[in-house]
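Here is entry_26.csv, consisting of CSV, N, CA and C atoms:
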chain,number,residue,atom,x,y,z
A,1,MET,N,-50.8,18.5,22.8
A,1,MET,CA,-49.6,19.1,22.4
A,1,MET,C,-49.9,20.0,21.2
A,2,PHE,N,-50.6,19.5,20.2
A,2,PHE,CA,-50.9,20.3,19.0
A,2,PHE,C,-51.7,21.5,19.3
A,3,GLU,N,-52.5,21.4,20.4
A,3,GLU,CA,-53.4,22.6,20.8
A,3,GLU,C,-52.5,23.7,21.2
A,4,ILE,N,-51.4,23.4,21.9
A,4,ILE,CA,-50.5,24.5,22.4
A,4,ILE,C,-49.8,25.2,21.2
A,5,ILE,N,-49.4,24.4,20.2
A,5,ILE,CA,-48.8,24.9,19.1
A,5,ILE,C,-49.8,25.8,18.3
A,6,ASN,N,-51.0,25.3,18.1
A,6,ASN,CA,-52.0,26.0,17.4
A,6,ASN,C,-52.4,27.3,18.1
A,7,LYS,N,-52.4,27.4,19.4
A,7,LYS,CA,-52.8,28.6,20.1
A,7,LYS,C,-51.7,29.6,20.2
A,8,ASN,N,-50.4,29.1,20.2
A,8,ASN,CA,-49.3,30.1,20.4
A,8,ASN,C,-48.4,30.1,19.1
A,9,PRO,N,-48.5,31.1,18.3
A,9,PRO,CA,-47.7,31.1,17.1
A,9,PRO,C,-46.2,31.3,17.4
A,10,LEU,N,-45.8,31.8,18.5
A,10,LEU,CA,-44.4,31.9,18.8
A,10,LEU,C,-43.8,30.5,19.0
A,11,ILE,N,-44.5,29.6,19.6
A,11,ILE,CA,-44.0,28.2,19.8
A,11,ILE,C,-43.9,27.6,18.4
A,12,SER,N,-44.9,27.8,17.6
A,12,SER,CA,-44.8,27.3,16.2
A,12,SER,C,-43.6,27.8,15.5
A,13,LEU,N,-43.3,29.1,15.6
A,13,LEU,CA,-42.2,29.7,14.9
A,13,LEU,C,-40.9,29.1,15.5
A,14,LEU,N,-40.8,29.0,16.8
A,14,LEU,CA,-39.7,28.4,17.5
A,14,LEU,C,-39.4,27.0,17.0
A,15,LEU,N,-40.5,26.2,17.0
A,15,LEU,CA,-40.4,24.8,16.5
A,15,LEU,C,-39.8,24.7,15.1
A,16,ILE,N,-40.3,25.6,14.2
A,16,ILE,CA,-39.9,25.6,12.8
A,16,ILE,C,-38.4,26.0,12.8
A,17,VAL,N,-38.0,27.0,13.6
A,17,VAL,CA,-36.6,27.4,13.6
A,17,VAL,C,-35.7,26.3,14.1
A,18,VAL,N,-36.1,25.6,15.1
A,18,VAL,CA,-35.3,24.4,15.6
A,18,VAL,C,-35.2,23.3,14.6
A,19,ILE,N,-36.3,23.0,13.9
A,19,ILE,CA,-36.2,22.0,12.9
A,19,ILE,C,-35.3,22.4,11.8
A,20,PHE,N,-35.4,23.7,11.4
A,20,PHE,CA,-34.6,24.2,10.3
A,20,PHE,C,-33.1,24.2,10.7
A,21,LEU,N,-32.8,24.5,11.9
A,21,LEU,CA,-31.4,24.5,12.4
A,21,LEU,C,-30.9,23.0,12.4
A,22,LEU,N,-31.7,22.1,12.8
A,22,LEU,CA,-31.3,20.7,12.8
A,22,LEU,C,-31.0,20.2,11.4
A,23,LEU,N,-31.9,20.6,10.5
A,23,LEU,CA,-31.7,20.2,9.1
A,23,LEU,C,-30.3,20.8,8.6
A,24,ILE,N,-30.0,22.1,8.9
A,24,ILE,CA,-28.8,22.7,8.5
A,24,ILE,C,-27.6,21.9,9.1
A,25,ILE,N,-27.7,21.5,10.4
A,25,ILE,CA,-26.6,20.8,11.0
A,25,ILE,C,-26.4,19.4,10.3
A,26,ILE,N,-27.5,18.7,10.1
A,26,ILE,CA,-27.4,17.4,9.4
A,26,ILE,C,-26.8,17.6,8.0
A,27,PHE,N,-27.3,18.6,7.3
A,27,PHE,CA,-26.7,18.8,5.9
A,27,PHE,C,-25.2,19.1,6.0
A,28,ALA,N,-24.8,20.0,6.9
A,28,ALA,CA,-23.4,20.3,7.1
A,28,ALA,C,-22.6,19.1,7.4
A,29,GLN,N,-23.1,18.2,8.3
A,29,GLN,CA,-22.4,17.0,8.6
A,29,GLN,C,-22.2,16.1,7.4
A,30,LYS,N,-23.3,16.0,6.6
A,30,LYS,CA,-23.3,15.2,5.4
A,30,LYS,C,-22.2,15.7,4.4
A,31,ILE,N,-22.2,17.0,4.2
A,31,ILE,CA,-21.2,17.6,3.3
A,31,ILE,C,-19.8,17.3,3.9
A,32,ARG,N,-19.6,17.4,5.2
A,32,ARG,CA,-18.3,17.2,5.8
A,32,ARG,C,-17.9,15.7,5.6
A,33,TYR,N,-18.8,14.8,5.8
A,33,TYR,CA,-18.4,13.4,5.6
A,33,TYR,C,-18.2,13.1,4.2
A,34,MET,N,-18.9,13.7,3.3
A,34,MET,CA,-18.7,13.5,1.8
A,34,MET,C,-17.3,14.0,1.4
A,35,ARG,N,-16.8,15.1,2.0
A,35,ARG,CA,-15.5,15.6,1.7
A,35,ARG,C,-14.4,14.6,2.2
A,36,ILE,N,-14.7,14.1,3.4
A,36,ILE,CA,-13.7,13.2,4.0
A,36,ILE,C,-13.6,11.9,3.2
A,37,ILE,N,-14.8,11.4,2.8
A,37,ILE,CA,-14.8,10.2,1.9
A,37,ILE,C,-14.1,10.4,0.6
A,38,LYS,N,-14.4,11.6,0.0
A,38,LYS,CA,-13.7,11.9,-1.3
A,38,LYS,C,-12.2,12.0,-1.1
A,39,LYS,N,-11.7,12.6,0.0
A,39,LYS,CA,-10.3,12.7,0.3
A,39,LYS,C,-9.7,11.3,0.5
A,40,GLU,N,-10.4,10.5,1.2
A,40,GLU,CA,-9.9,9.1,1.5
A,40,GLU,C,-9.9,8.3,0.2
A,41,ARG,N,-10.9,8.4,-0.6
A,41,ARG,CA,-10.9,7.7,-1.9
A,41,ARG,C,-9.7,8.1,-2.8
A,42,SER,N,-9.5,9.4,-2.8
A,42,SER,CA,-8.4,10.0,-3.6
A,42,SER,C,-7.1,9.5,-3.1
A,43,ASP,N,-6.9,9.4,-1.8
A,43,ASP,CA,-5.7,8.9,-1.2
A,43,ASP,C,-5.5,7.5,-1.5
A,44,ALA,N,-6.6,6.7,-1.4
A,44,ALA,CA,-6.5,5.3,-1.7
A,44,ALA,C,-6.1,5.0,-3.2
A,45,ILE,N,-6.7,5.8,-4.1
A,45,ILE,CA,-6.4,5.7,-5.5
A,45,ILE,C,-4.9,6.0,-5.7
A,46,LYS,N,-4.4,7.1,-5.1
A,46,LYS,CA,-3.0,7.5,-5.2
A,46,LYS,C,-2.1,6.4,-4.8
A,47,ARG,N,-2.4,5.8,-3.6
A,47,ARG,CA,-1.6,4.7,-3.1
A,47,ARG,C,-1.6,3.5,-4.0
A,48,SER,N,-2.8,3.2,-4.5
A,48,SER,CA,-3.0,2.1,-5.5
A,48,SER,C,-2.1,2.3,-6.7
A,49,LYS,N,-2.2,3.5,-7.2
A,49,LYS,CA,-1.3,3.8,-8.4
A,49,LYS,C,0.1,3.6,-8.1
A,50,ALA,N,0.6,4.0,-6.9
A,50,ALA,CA,2.0,3.9,-6.5
A,50,ALA,C,2.4,2.5,-6.4
A,51,VAL,N,1.5,1.6,-5.9
A,51,VAL,CA,1.8,0.2,-5.8
A,51,VAL,C,1.9,-0.4,-7.1
A,52,ILE,N,0.9,-0.1,-8.0
A,52,ILE,CA,0.9,-0.7,-9.4
A,52,ILE,C,2.2,-0.3,-10.1
A,53,SER,N,2.5,1.0,-10.0
A,53,SER,CA,3.7,1.5,-10.6
A,53,SER,C,4.9,0.8,-10.1
A,54,GLY,N,5.0,0.6,-8.8
A,54,GLY,CA,6.1,-0.1,-8.2
A,54,GLY,C,6.2,-1.5,-8.7
A,55,GLN,N,5.1,-2.2,-8.8
A,55,GLN,CA,5.1,-3.6,-9.3
A,55,GLN,C,5.6,-3.6,-10.8
A,56,MET,N,5.2,-2.7,-11.5
A,56,MET,CA,5.6,-2.6,-12.9
A,56,MET,C,7.1,-2.4,-13.0
A,57,MET,N,7.6,-1.5,-12.2
A,57,MET,CA,9.1,-1.2,-12.2
A,57,MET,C,9.8,-2.5,-11.7
A,58,GLU,N,9.3,-3.2,-10.7
A,58,GLU,CA,9.9,-4.4,-10.3
A,58,GLU,C,10.1,-5.4,-11.5
A,59,GLN,N,9.1,-5.6,-12.3
A,59,GLN,CA,9.2,-6.5,-13.4
A,59,GLN,C,10.2,-6.0,-14.5
A,60,MET,N,10.3,-4.7,-14.6
A,60,MET,CA,11.2,-4.1,-15.6
A,60,MET,C,12.6,-4.0,-15.1
A,61,ALA,N,12.8,-4.0,-13.8
A,61,ALA,CA,14.1,-3.7,-13.2
A,61,ALA,C,15.3,-4.4,-13.8
A,62,PRO,N,15.2,-5.7,-14.1
A,62,PRO,CA,16.4,-6.4,-14.7
A,62,PRO,C,16.9,-5.8,-16.0
A,63,TYR,N,16.0,-5.1,-16.7
A,63,TYR,CA,16.3,-4.5,-18.0
A,63,TYR,C,16.8,-3.1,-18.0
A,64,LEU,N,16.8,-2.5,-16.7
A,64,LEU,CA,17.2,-1.1,-16.6
A,64,LEU,C,18.7,-1.1,-16.3
A,65,PRO,N,19.3,0.1,-16.6
A,65,PRO,CA,20.8,0.2,-16.4
A,65,PRO,C,21.1,0.0,-14.9
A,66,ASP,N,22.3,-0.5,-14.7
A,66,ASP,CA,22.9,-0.7,-13.4
A,66,ASP,C,22.2,-1.8,-12.6
A,67,PHE,N,21.4,-2.6,-13.2
A,67,PHE,CA,20.9,-3.8,-12.5
A,67,PHE,C,22.1,-4.7,-12.2
A,68,PRO,N,22.2,-5.3,-11.0
A,68,PRO,CA,23.4,-5.9,-10.6
A,68,PRO,C,23.8,-7.2,-11.2
A,69,CYS,N,23.0,-7.7,-12.2
A,69,CYS,CA,23.4,-8.9,-12.9
A,69,CYS,C,22.6,-8.9,-14.2
A,70,HIS,N,23.0,-10.0,-15.0
A,70,HIS,CA,22.3,-10.2,-16.3
A,70,HIS,C,20.8,-10.5,-16.1
A,71,PRO,N,19.9,-10.0,-16.8
A,71,PRO,CA,18.5,-10.2,-16.6
A,71,PRO,C,18.1,-11.7,-16.6
A,72,ALA,N,18.8,-12.5,-17.4
A,72,ALA,CA,18.5,-14.0,-17.5
A,72,ALA,C,19.0,-14.7,-16.2
A,73,ASP,N,19.9,-14.1,-15.4
A,73,ASP,CA,20.3,-14.7,-14.1
A,73,ASP,C,19.3,-14.4,-13.0
A,74,ALA,N,18.4,-13.5,-13.2
A,74,ALA,CA,17.5,-13.1,-12.1
A,74,ALA,C,16.2,-13.8,-12.3
A,75,LYS,N,15.7,-14.3,-11.2
A,75,LYS,CA,14.4,-15.0,-11.1
A,75,LYS,C,13.5,-14.2,-10.2
A,76,PHE,N,12.3,-13.8,-10.7
A,76,PHE,CA,11.4,-13.0,-10.0
A,76,PHE,C,10.6,-13.9,-9.0
A,77,LEU,N,10.6,-13.4,-7.7
A,77,LEU,CA,9.9,-14.0,-6.7
A,77,LEU,C,8.7,-13.1,-6.2
A,78,GLY,N,9.0,-11.9,-6.1
A,78,GLY,CA,7.9,-10.9,-5.6
A,78,GLY,C,7.8,-10.8,-4.1
A,79,LYS,N,7.7,-11.9,-3.5
A,79,LYS,CA,7.6,-12.0,-2.0
A,79,LYS,C,8.5,-13.1,-1.5
A,80,PRO,N,9.2,-13.1,-0.5
A,80,PRO,CA,9.5,-11.9,0.4
A,80,PRO,C,10.6,-11.0,-0.2
A,81,VAL,N,11.3,-11.4,-1.2
A,81,VAL,CA,12.2,-10.5,-1.9
A,81,VAL,C,11.8,-10.5,-3.4
A,82,ASP,N,12.2,-9.4,-4.1
A,82,ASP,CA,11.7,-9.3,-5.5
A,82,ASP,C,12.4,-10.3,-6.4
A,83,PHE,N,13.7,-10.4,-6.3
A,83,PHE,CA,14.5,-11.3,-7.1
A,83,PHE,C,15.5,-12.1,-6.4
A,84,ILE,N,15.8,-13.3,-6.8
A,84,ILE,CA,17.0,-14.0,-6.4
A,84,ILE,C,17.8,-14.2,-7.7
A,85,ALA,N,19.0,-13.9,-7.7
A,85,ALA,CA,19.8,-13.9,-8.9
A,85,ALA,C,21.0,-14.8,-8.7
A,86,PHE,N,21.3,-15.6,-9.8
A,86,PHE,CA,22.5,-16.5,-9.8
A,86,PHE,C,23.5,-15.9,-10.8
A,87,LYS,N,24.2,-15.0,-10.3
A,87,LYS,CA,25.1,-14.2,-11.2
A,87,LYS,C,26.2,-15.2,-11.8
A,88,GLY,N,26.2,-15.1,-13.1
A,88,GLY,CA,27.2,-15.9,-13.9
A,88,GLY,C,26.6,-17.0,-14.6
A,89,LEU,N,25.4,-17.4,-14.3
A,89,LEU,CA,24.7,-18.6,-14.9
A,89,LEU,C,24.4,-18.4,-16.4
A,90,GLU,N,24.2,-17.2,-16.8
A,90,GLU,CA,23.9,-16.9,-18.2
A,90,GLU,C,25.1,-17.1,-19.1
A,91,ASP,N,26.3,-16.8,-18.5
A,91,ASP,CA,27.5,-16.9,-19.3
A,91,ASP,C,28.2,-18.2,-19.2
A,92,SER,N,28.0,-18.9,-18.1
A,92,SER,CA,28.7,-20.2,-17.8
A,92,SER,C,27.8,-21.1,-16.9
A,93,ASP,N,28.3,-22.2,-16.6
A,93,ASP,CA,27.6,-23.1,-15.7
A,93,ASP,C,28.0,-22.9,-14.2
A,94,ARG,N,28.8,-21.9,-14.0
A,94,ARG,CA,29.3,-21.6,-12.6
A,94,ARG,C,28.6,-20.3,-12.1
A,95,VAL,N,28.2,-20.4,-10.8
A,95,VAL,CA,27.6,-19.3,-10.2
A,95,VAL,C,28.7,-18.5,-9.4
A,96,GLU,N,28.8,-17.2,-9.8
A,96,GLU,CA,29.8,-16.4,-9.1
A,96,GLU,C,29.3,-15.9,-7.8
A,97,GLU,N,28.0,-15.7,-7.7
A,97,GLU,CA,27.5,-15.0,-6.5
A,97,GLU,C,25.9,-15.2,-6.6
A,98,ILE,N,25.3,-15.4,-5.4
A,98,ILE,CA,23.9,-15.4,-5.3
A,98,ILE,C,23.4,-14.1,-4.7
A,99,LEU,N,22.5,-13.4,-5.4
A,99,LEU,CA,22.0,-12.1,-5.0
A,99,LEU,C,20.6,-12.2,-4.6
A,100,PHE,N,20.2,-11.6,-3.5
A,100,PHE,CA,18.8,-11.3,-3.1
A,100,PHE,C,18.6,-9.9,-3.4
A,101,ILE,N,17.7,-9.6,-4.3
A,101,ILE,CA,17.5,-8.2,-4.8
A,101,ILE,C,16.1,-7.7,-4.5
A,102,GLU,N,16.1,-6.6,-3.8
A,102,GLU,CA,14.8,-5.9,-3.5
A,102,GLU,C,14.8,-4.6,-4.3
A,103,VAL,N,13.8,-4.4,-5.1
A,103,VAL,CA,13.7,-3.3,-5.9
A,103,VAL,C,12.8,-2.2,-5.2
A,104,LYS,N,13.3,-1.0,-5.1
A,104,LYS,CA,12.5,0.1,-4.5
A,104,LYS,C,12.4,1.2,-5.4
A,105,THR,N,11.3,2.0,-5.4
A,105,THR,CA,11.2,3.2,-6.2
A,105,THR,C,11.0,4.4,-5.3
A,106,GLY,N,11.4,5.5,-5.8
A,106,GLY,CA,11.2,6.8,-5.1
A,106,GLY,C,11.9,6.7,-3.7
A,107,THR,N,11.1,7.1,-2.7
A,107,THR,CA,11.6,7.2,-1.3
A,107,THR,C,11.1,6.0,-0.5
A,108,SER,N,10.6,4.9,-1.1
A,108,SER,CA,10.2,3.8,-0.4
A,108,SER,C,11.3,3.2,0.4
A,109,ARG,N,11.0,2.6,1.5
A,109,ARG,CA,12.0,2.0,2.4
A,109,ARG,C,11.7,0.5,2.6
A,110,LEU,N,12.7,-0.2,3.1
A,110,LEU,CA,12.5,-1.7,3.4
A,110,LEU,C,11.5,-1.8,4.5
A,111,SER,N,10.6,-2.8,4.3
A,111,SER,CA,9.7,-3.2,5.4
A,111,SER,C,10.4,-3.9,6.5
A,112,GLU,N,9.8,-4.1,7.6
A,112,GLU,CA,10.5,-4.9,8.7
A,112,GLU,C,10.9,-6.3,8.2
A,113,ARG,N,10.0,-6.9,7.5
A,113,ARG,CA,10.3,-8.3,7.0
A,113,ARG,C,11.5,-8.2,6.0
A,114,GLU,N,11.5,-7.2,5.2
A,114,GLU,CA,12.6,-7.1,4.2
A,114,GLU,C,13.9,-6.8,5.0
A,115,GLN,N,13.9,-6.0,6.0
A,115,GLN,CA,15.0,-5.7,6.8
A,115,GLN,C,15.5,-7.0,7.5
A,116,SER,N,14.6,-7.8,8.0
A,116,SER,CA,15.0,-9.0,8.7
A,116,SER,C,15.7,-10.0,7.7
A,117,ILE,N,15.2,-10.0,6.5
A,117,ILE,CA,15.8,-10.9,5.5
A,117,ILE,C,17.2,-10.4,5.2
A,118,ARG,N,17.4,-9.1,5.0
A,118,ARG,CA,18.7,-8.5,4.7
A,118,ARG,C,19.6,-8.8,5.9
A,119,ASP,N,19.1,-8.6,7.1
A,119,ASP,CA,20.0,-8.9,8.3
A,119,ASP,C,20.4,-10.4,8.4
A,120,ALA,N,19.5,-11.3,8.1
A,120,ALA,CA,19.9,-12.7,8.1
A,120,ALA,C,20.9,-13.0,7.1
A,121,ILE,N,20.8,-12.4,5.9
A,121,ILE,CA,21.8,-12.6,4.8
A,121,ILE,C,23.2,-12.1,5.2
A,122,GLU,N,23.1,-10.8,5.8
A,122,GLU,CA,24.4,-10.2,6.2
A,122,GLU,C,25.1,-10.9,7.3
A,123,LYS,N,24.3,-11.6,8.2
A,123,LYS,CA,24.8,-12.4,9.3
A,123,LYS,C,25.2,-13.8,8.8
A,124,ARG,N,25.1,-14.1,7.5
A,124,ARG,CA,25.4,-15.3,6.9
A,124,ARG,C,24.6,-16.5,7.4
A,125,LYS,N,23.3,-16.2,7.8
A,125,LYS,CA,22.4,-17.2,8.2
A,125,LYS,C,21.6,-17.7,7.0
A,126,VAL,N,22.4,-18.2,6.0
A,126,VAL,CA,21.8,-18.7,4.8
A,126,VAL,C,22.5,-20.1,4.6
A,127,ARG,N,21.7,-21.1,4.1
A,127,ARG,CA,22.2,-22.4,3.8
A,127,ARG,C,21.5,-23.0,2.7
A,128,TYR,N,22.2,-24.0,2.1
A,128,TYR,CA,21.6,-24.8,1.0
A,128,TYR,C,21.0,-26.0,1.6
A,129,VAL,N,19.8,-26.4,1.2
A,129,VAL,CA,19.1,-27.6,1.6
A,129,VAL,C,18.7,-28.4,0.4
A,130,GLU,N,19.1,-29.6,0.4
A,130,GLU,CA,18.7,-30.6,-0.6
A,130,GLU,C,17.6,-31.4,0.0
A,131,TYR,N,16.4,-31.2,-0.5
A,131,TYR,CA,15.2,-31.9,0.0
A,131,TYR,C,14.8,-33.0,-0.9
A,132,ARG,N,14.9,-34.3,-0.5
A,132,ARG,CA,14.5,-35.4,-1.3
A,132,ARG,C,13.2,-36.0,-0.9
A,133,ILE,N,12.5,-36.5,-1.9
A,133,ILE,CA,11.2,-37.1,-1.6
A,133,ILE,C,11.3,-38.6,-2.1
Mind turning the file's structure into structure tokens?
Amino acid sequence: MFEIINKNPLISLLLIVVIFLLLIIIFAQKIRYMRIIKKERSDAIKRSKAVISGQMMEQMAPYLPDFPCHPADAKFLGKPVDFIAFKGLEDSDRVEEILFIEVKTGTSRLSEREQSIRDAIEKRKVRYVEYRI
């Protein structure tokens, strides 16, 4: 095979051109994938910052204006709802109302799980259970 390449310079030149084109294609693909990875990483970082910001806001929510109860009445759960509040306990020993509070920031919406919790509460599928050991 090398004898054919050595005897015919046109085949040598063609082989060099093919190898060069293949290298260009490989390099272009590598650049393309690097751009995709960079974009994906940037998107992941942006989502992570949004999640962390949302978590911080959840923790601060009871101290913000218009929170539906006194901060001391609210107990942070995080999952499956952000807070459960016993409205009135801070001021007296009587609970006026029990609130399930989900904190949302920006345009975020309730997840399917959060919607199912809201629906169960609205349908009054809530009960008190005393569990003794």
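For the set A:Val129, A:Ala61, A:Leu89, A:Leu22, the residue with the smallest atom-to-atom gap to A:Val103 is A:Ala61, counting all atoms listed in the file.
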**Report entry** Every residue of stretch 39-125 of chain A that DSSP places in strand (DSSP E), as a ChimeraX atom specification
**Finding:** /A:74-76,83-87,97-101
Requested in this report: DSSP on the backbone, then: every residue of stretch 4-126 of chain A marked alpha helix (DSSP H), written as a ChimeraX atom specification.
Outcome: /A:4-7,9-60,112-122
Query raised in the report: Leaving out A:Cys69 and any residue of its chain fewer than 4 positions from it, which residues lie within 12 Å of it when counting only C-alpha atoms, given as a ChimeraX atom specification?
Result: /A:61-65,73-75,83-91,95-101
If I wrap all listed atoms of stretch 56-75 of chain A in a box with edges along x, y and z and add 5 Å on each side, what are its centre and edge lengths in Å to one decimal, as AutoDock Vina command-line options?
--center_x 14.5 --center_y -7.4 --center_z -14.1 --size_x 28.6 --size_y 25.2 --size_z 17.8
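Between A:Gln59 and the candidates A:Arg132, A:Phe20, A:Ala44, A:Lys104, the tightest atom-to-atom separation, counting only C-alpha atoms, involves A:Lys104.
Taking atom CA of A:Arg94 and atom C of A:Pro68 as the two end points, the separation is 15.5 Å.
Between atom C of A:Ser111 and atom CA of A:Gly78 the interatomic distance comes to 14.2 Å.
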